[in-house]
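Peer 1: So here's query-v8.txt (compact mmCIF, C-alpha atoms).
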# COMPACT_ATOMS: atom_id res chain seq x y z
CA MET A 1 17.03 34.14 31.68
CA LEU A 2 20.08 32.32 30.36
CA PHE A 3 21.70 35.59 29.28
CA SER A 4 21.05 37.19 32.71
CA TRP A 5 22.67 34.23 34.43
CA LEU A 6 25.69 34.49 32.18
CA LEU A 7 26.12 38.17 33.07
CA THR A 8 26.25 37.38 36.79
CA THR A 9 28.45 34.28 36.65
CA ARG A 10 32.10 34.32 37.71
CA TYR A 11 33.29 32.74 34.43
CA CYS A 12 35.49 34.84 32.17
CA PRO A 13 33.65 36.86 29.44
CA ARG A 14 35.03 34.80 26.55
CA LYS A 15 33.81 31.54 28.06
CA MET A 16 30.46 33.14 28.89
CA LEU A 17 30.04 34.26 25.27
CA LYS A 18 30.91 30.86 23.88
CA LEU A 19 28.46 29.20 26.29
CA TYR A 20 25.69 31.64 25.36
CA LEU A 21 26.28 31.13 21.63
CA TYR A 22 26.34 27.38 22.09
CA TYR A 23 22.97 27.30 23.81
CA THR A 24 21.53 29.81 21.34
CA ASP A 25 22.62 27.68 18.36
CA PHE A 26 21.41 24.49 20.07
CA GLY A 27 17.99 26.02 20.67
CA THR A 28 17.79 27.11 17.05
CA MET A 29 18.75 23.64 15.92
CA LEU A 30 15.97 22.12 18.02
CA ASP A 31 13.50 24.55 16.46
CA TYR A 32 14.44 23.45 12.97
CA LEU A 33 14.37 19.79 13.94
CA ARG A 34 10.77 20.40 14.97
CA HIS A 35 10.13 22.13 11.65
CA ILE A 36 11.62 19.16 9.78
CA ALA A 37 9.42 16.77 11.79
CA VAL A 38 6.34 18.79 10.81
CA PHE A 39 7.47 18.92 7.18
CA SER A 40 7.91 15.13 7.19
CA ARG A 41 4.33 14.68 8.36
CA VAL A 42 3.07 16.92 5.55
CA ALA A 43 5.11 14.96 3.00
CA GLU A 44 3.85 11.69 4.45
CA HIS A 45 0.16 12.65 4.44
CA GLY A 46 0.20 14.84 1.33
CA SER A 47 -1.89 17.42 3.14
CA PHE A 48 -1.37 20.23 5.64
CA THR A 49 -4.74 19.48 7.24
CA LYS A 50 -4.09 15.77 7.67
CA ALA A 51 -0.61 16.46 9.02
CA ALA A 52 -2.06 18.91 11.54
CA LYS A 53 -4.64 16.34 12.64
CA SER A 54 -1.98 13.65 13.13
CA LEU A 55 0.15 16.09 15.18
CA GLY A 56 -2.77 17.51 17.15
CA ILE A 57 -2.07 21.11 16.17
CA ALA A 58 -3.77 23.76 14.03
CA PRO A 59 -3.19 23.68 10.22
CA SER A 60 -1.95 27.28 10.43
CA ARG A 61 0.88 26.18 12.71
CA VAL A 62 1.84 23.43 10.27
CA SER A 63 1.92 25.91 7.38
CA GLU A 64 3.92 28.39 9.46
CA SER A 65 6.44 25.71 10.47
CA VAL A 66 7.03 24.64 6.86
CA ALA A 67 7.34 28.26 5.77
CA LYS A 68 10.00 28.93 8.42
CA LEU A 69 11.92 25.86 7.31
CA GLU A 70 11.80 26.98 3.67
CA SER A 71 12.89 30.48 4.66
CA HIS A 72 15.80 29.12 6.68
CA ILE A 73 16.97 26.83 3.87
CA GLY A 74 16.24 29.34 1.12
CA LEU A 75 14.45 26.79 -1.05
CA THR A 76 10.86 25.86 -1.85
CA LEU A 77 10.12 22.42 -0.47
CA ILE A 78 6.42 22.14 -1.28
CA ASN A 79 4.49 23.46 -4.25
CA ARG A 80 1.03 24.50 -3.08
CA THR A 81 -2.19 24.89 -5.05
CA THR A 82 -5.73 25.47 -3.84
CA ARG A 83 -6.44 21.73 -3.89
CA THR A 84 -3.20 19.78 -3.79
CA ILE A 85 0.40 19.93 -2.67
CA ALA A 86 3.47 18.31 -4.20
CA LEU A 87 7.06 18.02 -3.03
CA THR A 88 9.68 19.80 -5.10
CA SER A 89 12.83 17.87 -5.96
CA GLU A 90 14.54 19.56 -2.99
CA GLY A 91 11.59 18.67 -0.76
CA ARG A 92 11.70 15.04 -1.85
CA ARG A 93 15.45 14.91 -1.16
CA LEU A 94 15.02 16.42 2.32
CA TYR A 95 12.21 13.99 3.13
CA ASP A 96 14.19 10.97 1.90
CA ASP A 97 17.27 12.07 3.88
CA THR A 98 15.47 12.82 7.16
CA ALA A 99 12.63 10.29 7.31
CA GLY A 100 15.03 7.58 8.44
CA LEU A 101 16.19 9.76 11.35
CA MET A 102 12.58 10.32 12.42
CA ASP A 103 11.84 6.61 12.18
CA GLY A 104 14.93 5.77 14.22
CA ALA A 105 14.02 8.20 16.99
CA GLU A 106 10.44 6.92 17.10
CA HIS A 107 11.65 3.32 17.18
CA SER A 108 14.04 4.03 20.06
CA ILE A 109 11.40 5.82 22.13
CA LYS A 110 8.90 3.00 21.64
CA ALA A 111 11.55 0.44 22.53
CA LEU A 112 12.33 2.30 25.77
CA GLN A 113 8.63 2.52 26.59
CA GLY A 114 8.21 -1.19 25.89
CA THR A 115 5.51 -0.55 23.29
CA GLU A 116 7.38 -1.50 20.13
CA SER A 117 5.62 -4.87 19.91
CA GLN A 118 2.18 -3.45 20.72
CA ALA A 119 0.02 -2.62 17.74
CA GLN A 120 -1.60 0.79 18.04
CA GLY A 121 -2.44 3.61 15.66
CA SER A 122 -4.20 3.92 12.32
CA LEU A 123 -3.44 2.53 8.87
CA ARG A 124 -4.72 3.32 5.39
CA ILE A 125 -4.48 0.23 3.23
CA ALA A 126 -5.57 -0.72 -0.28
CA LEU A 127 -6.15 -4.11 -1.83
CA PRO A 128 -7.68 -5.46 -5.05
CA THR A 129 -11.37 -6.28 -5.09
CA TYR A 130 -10.63 -9.73 -6.46
CA LEU A 131 -8.95 -10.62 -3.16
CA SER A 132 -12.06 -9.76 -1.15
CA SER A 133 -13.29 -13.36 -1.46
CA THR A 134 -10.04 -14.82 -0.14
CA PRO A 135 -8.80 -15.33 3.45
CA ILE A 136 -6.84 -12.06 3.42
CA THR A 137 -9.96 -10.08 4.33
CA GLN A 138 -10.57 -12.46 7.23
CA ALA A 139 -6.97 -11.93 8.35
CA ILE A 140 -7.40 -8.13 8.25
CA GLY A 141 -10.59 -8.39 10.29
CA ARG A 142 -8.90 -10.68 12.79
CA PHE A 143 -6.03 -8.23 13.22
CA VAL A 144 -8.48 -5.48 14.17
CA VAL A 145 -10.28 -7.77 16.60
CA VAL A 146 -7.13 -8.80 18.48
CA ASN A 147 -5.67 -5.26 18.43
CA PRO A 148 -8.34 -2.91 19.84
CA GLN A 149 -6.04 0.12 19.61
CA VAL A 150 -5.67 -0.19 15.83
CA HIS A 151 -7.93 1.53 13.29
CA ILE A 152 -7.80 0.46 9.63
CA GLU A 153 -9.22 2.33 6.65
CA ALA A 154 -9.39 -0.21 3.81
CA HIS A 155 -9.90 0.72 0.15
CA LEU A 156 -10.82 -1.96 -2.36
CA SER A 157 -10.35 -1.34 -6.06
CA ASP A 158 -9.01 -3.29 -9.00
CA ARG A 159 -6.74 -0.51 -10.20
CA PRO A 160 -3.04 -0.84 -9.22
CA PHE A 161 -2.18 1.10 -6.07
CA ASP A 162 1.14 2.69 -5.17
CA PRO A 163 1.83 3.35 -1.47
CA ILE A 164 4.00 6.37 -2.23
CA GLU A 165 2.01 8.11 -4.96
CA ASP A 166 -1.42 7.25 -3.54
CA GLY A 167 -0.60 7.96 0.09
CA TYR A 168 -1.34 4.53 1.57
CA ASP A 169 0.56 2.99 4.46
CA MET A 170 0.37 -0.44 2.83
CA CYS A 171 -0.99 -1.86 -0.41
CA VAL A 172 -1.57 -5.41 -1.59
CA ARG A 173 -0.47 -6.08 -5.15
CA ALA A 174 -0.73 -9.19 -7.28
CA GLY A 175 1.76 -10.07 -9.98
CA HIS A 176 4.92 -8.09 -10.70
CA PHE A 177 5.97 -4.70 -9.29
CA ASP A 178 9.20 -2.71 -8.91
CA LYS A 179 10.75 -4.06 -5.70
CA ARG A 180 13.47 -1.41 -5.76
CA LYS A 181 11.06 1.35 -4.73
CA VAL A 182 9.22 -0.32 -1.86
CA LYS A 183 9.52 -2.87 0.88
CA SER A 184 7.54 -6.03 0.25
CA GLN A 185 6.41 -9.28 1.84
CA GLU A 186 4.81 -12.10 -0.10
CA LEU A 187 1.50 -13.03 1.51
CA GLY A 188 0.24 -15.91 -0.57
CA VAL A 189 -1.08 -17.15 -3.88
CA PHE A 190 -4.49 -17.65 -5.39
CA GLU A 191 -5.64 -20.00 -8.10
CA ARG A 192 -7.69 -19.11 -11.15
CA ALA A 193 -10.15 -21.09 -13.21
CA ILE A 194 -11.99 -20.77 -16.51
CA CYS A 195 -15.76 -20.55 -16.22
CA VAL A 196 -18.91 -19.71 -18.13
CA GLY A 197 -22.57 -19.17 -17.32
CA LYS A 198 -24.79 -22.25 -17.48
CA GLY A 199 -26.98 -20.83 -20.22
CA TYR A 200 -24.04 -20.11 -22.50
CA LEU A 201 -23.19 -23.79 -22.96
CA ASP A 202 -26.73 -24.60 -24.10
CA GLU A 203 -26.40 -22.33 -27.12
CA HIS A 204 -22.87 -23.20 -28.29
CA PRO A 205 -21.06 -26.27 -29.65
CA PRO A 206 -19.53 -28.71 -27.14
CA LEU A 207 -16.07 -27.82 -25.84
CA ALA A 208 -13.62 -30.74 -26.04
CA HIS A 209 -10.27 -28.93 -25.63
CA PRO A 210 -9.16 -25.55 -24.22
CA GLN A 211 -8.29 -24.40 -27.76
CA ASP A 212 -12.01 -24.62 -28.58
CA LEU A 213 -12.42 -21.55 -26.36
CA THR A 214 -10.73 -19.30 -28.93
CA GLY A 215 -13.96 -19.28 -30.95
CA CYS A 216 -16.11 -18.32 -27.95
CA ASP A 217 -17.28 -14.95 -26.69
CA TRP A 218 -14.95 -13.71 -23.96
CA ILE A 219 -15.31 -11.26 -21.11
CA ASN A 220 -11.88 -9.71 -20.73
CA TYR A 221 -10.57 -8.37 -17.45
CA ARG A 222 -8.68 -5.20 -18.31
CA HIS A 223 -5.92 -5.58 -15.71
CA ARG A 224 -4.84 -9.00 -16.92
CA LYS A 225 -3.05 -10.17 -20.04
CA ARG A 226 -4.92 -11.81 -22.91
CA SER A 227 -2.66 -14.86 -23.05
CA TYR A 228 -3.17 -17.85 -20.79
CA GLU A 229 -0.96 -20.91 -20.47
CA LEU A 230 -2.66 -24.07 -19.20
CA THR A 231 -1.11 -27.30 -17.95
CA SER A 232 -2.95 -30.62 -17.93
CA ARG A 233 -2.72 -33.24 -15.21
CA SER A 234 -0.57 -35.32 -17.55
CA GLY A 235 1.90 -32.45 -17.99
CA LYS A 236 0.83 -31.23 -21.41
CA THR A 237 0.68 -27.48 -22.00
CA THR A 238 -1.34 -25.27 -24.30
CA ARG A 239 -1.59 -21.51 -24.70
CA LEU A 240 -4.82 -19.59 -25.23
CA LEU A 241 -4.56 -16.30 -27.10
CA ILE A 242 -7.62 -14.12 -26.58
CA GLU A 243 -8.22 -11.32 -29.06
CA ASP A 244 -8.53 -7.76 -27.75
CA GLU A 245 -11.81 -7.34 -29.58
CA ALA A 246 -13.83 -9.14 -26.91
CA ARG A 247 -17.52 -8.42 -26.74
CA LEU A 248 -17.11 -7.25 -23.13
CA GLN A 249 -14.18 -5.73 -21.28
CA VAL A 250 -14.38 -4.78 -17.61
CA ASP A 251 -12.05 -3.39 -14.95
CA ASN A 252 -13.85 -4.74 -11.89
CA ILE A 253 -13.90 -8.35 -10.75
CA GLU A 254 -17.47 -8.22 -9.45
CA ALA A 255 -18.65 -6.97 -12.83
CA LEU A 256 -16.73 -9.80 -14.47
CA TYR A 257 -18.48 -12.26 -12.19
CA SER A 258 -21.94 -10.79 -12.85
CA PHE A 259 -21.52 -10.82 -16.64
CA ALA A 260 -20.27 -14.41 -16.56
CA CYS A 261 -23.23 -15.51 -14.44
CA ILE A 262 -25.74 -14.22 -16.99
CA GLY A 263 -24.00 -16.08 -19.82
CA ALA A 264 -22.30 -13.16 -21.55
CA GLY A 265 -19.15 -15.16 -22.27
CA VAL A 266 -16.17 -17.13 -21.00
CA ALA A 267 -14.07 -15.63 -18.20
CA VAL A 268 -10.97 -16.32 -16.12
CA MET A 269 -11.52 -15.58 -12.44
CA PRO A 270 -10.09 -16.42 -9.01
CA LEU A 271 -11.06 -19.96 -8.07
CA ALA A 272 -12.91 -18.80 -4.97
CA LEU A 273 -15.28 -16.73 -7.11
CA VAL A 274 -15.79 -19.54 -9.60
CA GLU A 275 -16.62 -21.98 -6.81
CA ARG A 276 -19.12 -19.50 -5.40
CA GLY A 277 -20.85 -19.31 -8.76
CA VAL A 278 -20.87 -23.11 -9.05
CA ARG A 279 -22.43 -23.49 -5.59
CA GLU A 280 -25.11 -20.96 -6.50
CA GLY A 281 -25.84 -22.81 -9.73
CA LYS A 282 -24.87 -19.84 -11.92
CA LEU A 283 -21.48 -20.91 -13.31
CA VAL A 284 -19.85 -23.97 -14.78
CA ARG A 285 -16.12 -24.50 -14.34
CA LEU A 286 -14.50 -25.54 -17.62
CA PHE A 287 -11.63 -27.98 -18.11
CA GLU A 288 -10.94 -28.76 -14.46
CA GLU A 289 -8.15 -31.11 -15.58
CA TRP A 290 -6.25 -28.07 -16.91
CA THR A 291 -4.76 -25.53 -14.52
CA LEU A 292 -3.60 -21.94 -14.86
CA PRO A 293 -0.45 -20.64 -13.14
CA GLN A 294 -1.02 -19.40 -9.61
CA VAL A 295 -0.92 -15.65 -9.00
CA ARG A 296 1.27 -14.43 -6.15
CA TYR A 297 0.26 -11.40 -4.14
CA SER A 298 2.35 -9.31 -1.76
CA ALA A 299 2.13 -6.50 0.75
CA ILE A 300 4.12 -3.43 -0.33
CA TRP A 301 4.83 -0.31 1.67
CA ASN A 302 6.94 2.80 1.64
CA ASP A 303 10.39 2.29 3.11
CA ASN A 304 10.23 5.75 4.72
CA SER A 305 6.77 5.42 6.26
CA ARG A 306 6.55 6.99 9.71
CA ARG A 307 4.18 4.16 10.64
CA GLN A 308 6.68 1.57 9.55
CA SER A 309 6.67 -0.30 12.88
CA LEU A 310 2.87 -0.71 12.83
CA VAL A 311 2.97 -1.67 9.15
CA GLN A 312 5.55 -4.35 9.88
CA ILE A 313 3.49 -5.74 12.77
CA PHE A 314 0.43 -5.78 10.51
CA VAL A 315 2.21 -7.41 7.57
CA SER A 316 3.83 -10.04 9.81
CA PHE A 317 0.40 -10.88 11.22
CA LEU A 318 -1.08 -11.27 7.74
CA ALA A 319 1.81 -13.44 6.57
CA ASP A 320 1.59 -15.70 9.61
CA HIS A 321 -2.21 -15.95 9.41
CA LEU A 322 -2.26 -16.68 5.70
CA SER A 323 0.56 -19.21 5.86
CA THR A 324 -1.83 -21.57 7.66
CA ARG A 325 -4.63 -21.08 5.14
CA GLN A 326 -5.07 -22.18 1.55
CA THR A 327 -5.90 -19.06 -0.48
As structure tokens, how would this structure be written, given the file I've shared?

Peer 2:
Amino acid sequence: MLFSWLLTTRYCPRKMLKLYLYYTDFGTMLDYLRHIAVFSRVAEHGSFTKAAKSLGIAPSRVSESVAKLESHIGLTLINRTTRTIALTSEGRRLYDDTAGLMDGAEHSIKALQGTESQAQGSLRIALPTYLSSTPITQAIGRFVVVNPQVHIEAHLSDRPFDPIEDGYDMCVRAGHFDKRKVKSQELGVFERAICVGKGYLDEHPPLAHPQDLTGCDWINYRHRKRSYELTSRSGKTTRLLIEDEARLQVDNIEALYSFACIGAGVAVMPLALVERGVREGKLVRLFEEWTLPQVRYSAIWNDNSRRQSLVQIFVSFLADHLSTRQT
């Protein structure tokens, strides 16, 4: 249609040709911008099927779009196997270079529509099991209640999560992490305490000082260090060094709690869990006059996430909610 119009126009042939080539090149550019947008979704979700679902198109169209982009560039962007996909170094570079453009366009459109401050969409998040007994889970639940257009898929595990490698929109991490790779927002702190099952104390010598614990049976939590520094109310400090050869070692906080309750040994746990065990008459908190350093926990997320605006709304809500609570 465009070419037919150009043939009948009164413009000179040279100008007609330039105009035709301009629109042809512009149309091609738009095609490849669409291909890049599809590729970004695949990179973001780590799956052709999930990308297709988020875009509302067939997986075959997603695969075809990525293939056309690779053919145009002359490089392989995604290595495919029967079960997984992985970005090549060129694919990672293209994603890193273009994700910001996609985010900017999405941000501008939402701002024009007046929806930038409205929370809507879906999020995949991950947080440690040992935070399940703290107000953060209440804050997450509250966010869903007050934002009916938001859907959250929450995964709880005590293994360290990475939002980029594990494909989550946002993760909660305690302790140290590499802040150069992700965006982060500190959410709060939680206290820890030393505890033991009630029956354990009946069968062992009295404990007068924290150093007496070095001769006890310990239940070690695999994701935490074996050295603990305690500070007394008077300002004195002492360091407990727990041997690796503990009778029990676990990688799940609920298992740690259960073993402690049946008197299998001494354990260090979040204060909220210890207090639960004390209320239920299963645990005894040891050396309340000595305190352990608080553990800080933060929200971390991928700087190039396409859902960045929703993540930021969510994280801001958590930070504001938790700032008024003692975790």

Peer 1: I want to know what sits within 7 Å of A:Leu271, based on all atoms listed in the file, with residues of the same chain fewer than 2 positions away left out; could you give that as a PyMOL selection string?

Peer 2: chain A and resi 191-193+269+273-275

Peer 1: Select all residues near (-4.8, -11.9, 19.1) (cut-off 12 Å, inclusive, file coordinates), counting only C-alpha atoms, and output them as a PyMOL selection string.

Peer 2: chain A and resi 118-119+139-148+314+317-318+321

Peer 1: Determine, for each residue of stretch 213-270 of chain A having at least one atom at most 12 Å from an atom of stretch 154-171 of chain A, the closest pair of atoms and their separation in Å to one decimal, counting all atoms listed in the file; order by chain and ascending number, as a tab-separated table.

Peer 2:
residue	atom	partner	partner_atom	distance
A:Tyr221	CA	A:Asp158	CA	10.0
A:Arg222	CA	A:Asp158	CA	9.5
A:His223	CA	A:Arg159	CA	7.5
A:Arg224	CA	A:Asp158	CA	10.6
A:Val250	CA	A:Asp158	CA	10.3
A:Asp251	CA	A:Asp158	CA	6.7
A:Asn252	CA	A:Asp158	CA	5.8
A:Ile253	CA	A:Asp158	CA	7.3
A:Glu254	CA	A:Asp158	CA	9.8
A:Ala255	CA	A:Asp158	CA	11.0
A:Leu256	CA	A:Asp158	CA	11.5

Peer 1: Please measure the separation of atom CA of A:Tyr32 and atom CA of A:Asp97, giving the value in Å to one decimal.

Peer 2: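 Spanning atom CA of A:Tyr32 to atom CA of A:Asp97 is a straight-line distance of 14.8 Å.
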
Peer 1: Could you work out how far atom CA of A:Ser234 lies from atom CA of A:Asp212, giving the answer in Å with one decimal?

Peer 2: 19.2 Å

Peer 1: Can you work out the spacing between atom CA of A:Ala86 and atom CA of A:Val315 in Å, to one decimal?

Peer 2: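 According to the coordinates, atom CA of A:Ala86 and atom CA of A:Val315 are separated by 28.3 Å.
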
Peer 1: Given the choices A:Thr237, A:Gln149, A:Gln120, A:Thr231, which gets closest to A:Ile313 if the distance is worked out from only C-alpha atoms?

Peer 2: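 Between A:Thr237, A:Gln149, A:Gln120, A:Thr231, the residue approaching A:Ile313 most closely is A:Gln120.
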
Peer 1: Counting all atoms listed in the file, find the residues whose atoms lie at most 12 Å from (-16.4, -17.1, -30.7) (file coordinates) and write them out as a PyMOL selection string.

Peer 2: chain A and resi 200+203-205+207+211-219+242-243+245-247+264-266

Peer 1: I'd like the neighbourhood of stretch 59-73 of chain A as number ranges by chain, where a residue qualifies if any of its atoms comes within 12 Å (using all atoms listed in the file), though same-chain residues fewer than 2 positions away should be ignored.

Peer 2: A: 28-29, 31-43, 47-57, 75-80, 85, 87-88, 90-91, 94

Peer 1: Closest to A:Gly199 among A:Ala126, A:Leu283, A:Arg276, A:Pro270, using only C-alpha atoms?

Peer 2: A:Leu283

Peer 1: Using only C-alpha atoms, which protein or nucleic acid residues come within 8 Å of A:Cys261? Drop anything in the same chain fewer than 3 positions from it, and give the result as number ranges by chain.

Peer 2: A: 196-198, 257-258, 264, 277, 282-283

Peer 1: Hey, can you spit out that residue selection with C-alpha atoms as a short mmCIF file (atom, residue, chain, number, x, y, z; two decimals), in the frame of the given file?

Peer 2:
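And here is the file that came out, selection24.cif:
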data_model
loop_
_atom_site.label_atom_id
_atom_site.label_comp_id
_atom_site.auth_asym_id
_atom_site.auth_seq_id
_atom_site.Cartn_x
_atom_site.Cartn_y
_atom_site.Cartn_z
CA VAL A 196 -18.91 -19.71 -18.13
CA GLY A 197 -22.57 -19.17 -17.32
CA LYS A 198 -24.79 -22.25 -17.48
CA TYR A 257 -18.48 -12.26 -12.19
CA SER A 258 -21.94 -10.79 -12.85
CA ALA A 264 -22.30 -13.16 -21.55
CA GLY A 277 -20.85 -19.31 -8.76
CA LYS A 282 -24.87 -19.84 -11.92
CA LEU A 283 -21.48 -20.91 -13.31
#

Peer 1: Taking all atoms listed in the file into account, name the residue in A:Asp202, A:Ala174, A:Leu322, A:Thr81 that is nearest to A:Leu127.

Peer 2: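 Of A:Asp202, A:Ala174, A:Leu322, A:Thr81, the one nearest A:Leu127, counting all atoms listed in the file, is A:Ala174.
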
Peer 1: Show me, as JSON, the centre and edge lengths in Å to one decimal of the axis-aligned box that covers every listed atom of stretch 152-159 of chain A with 5 Å on each side.

Peer 2:
{"center_x": -8.8, "center_y": -0.5, "center_z": -0.3, "size_x": 14.1, "size_y": 15.6, "size_z": 29.8}

Peer 1: Return the single residue from A:Ser298, A:Ser323, A:Thr238, A:Ser122 that is closest to A:Ile152, with distances computed using all atoms listed in the file.

Peer 2: A:Ser122

Peer 1: Using all atoms listed in the file, which of the listed residues (A:Leu292, A:Val189, A:Val182, A:Leu286) sits closest to A:Ser227?

Peer 2: A:Leu292
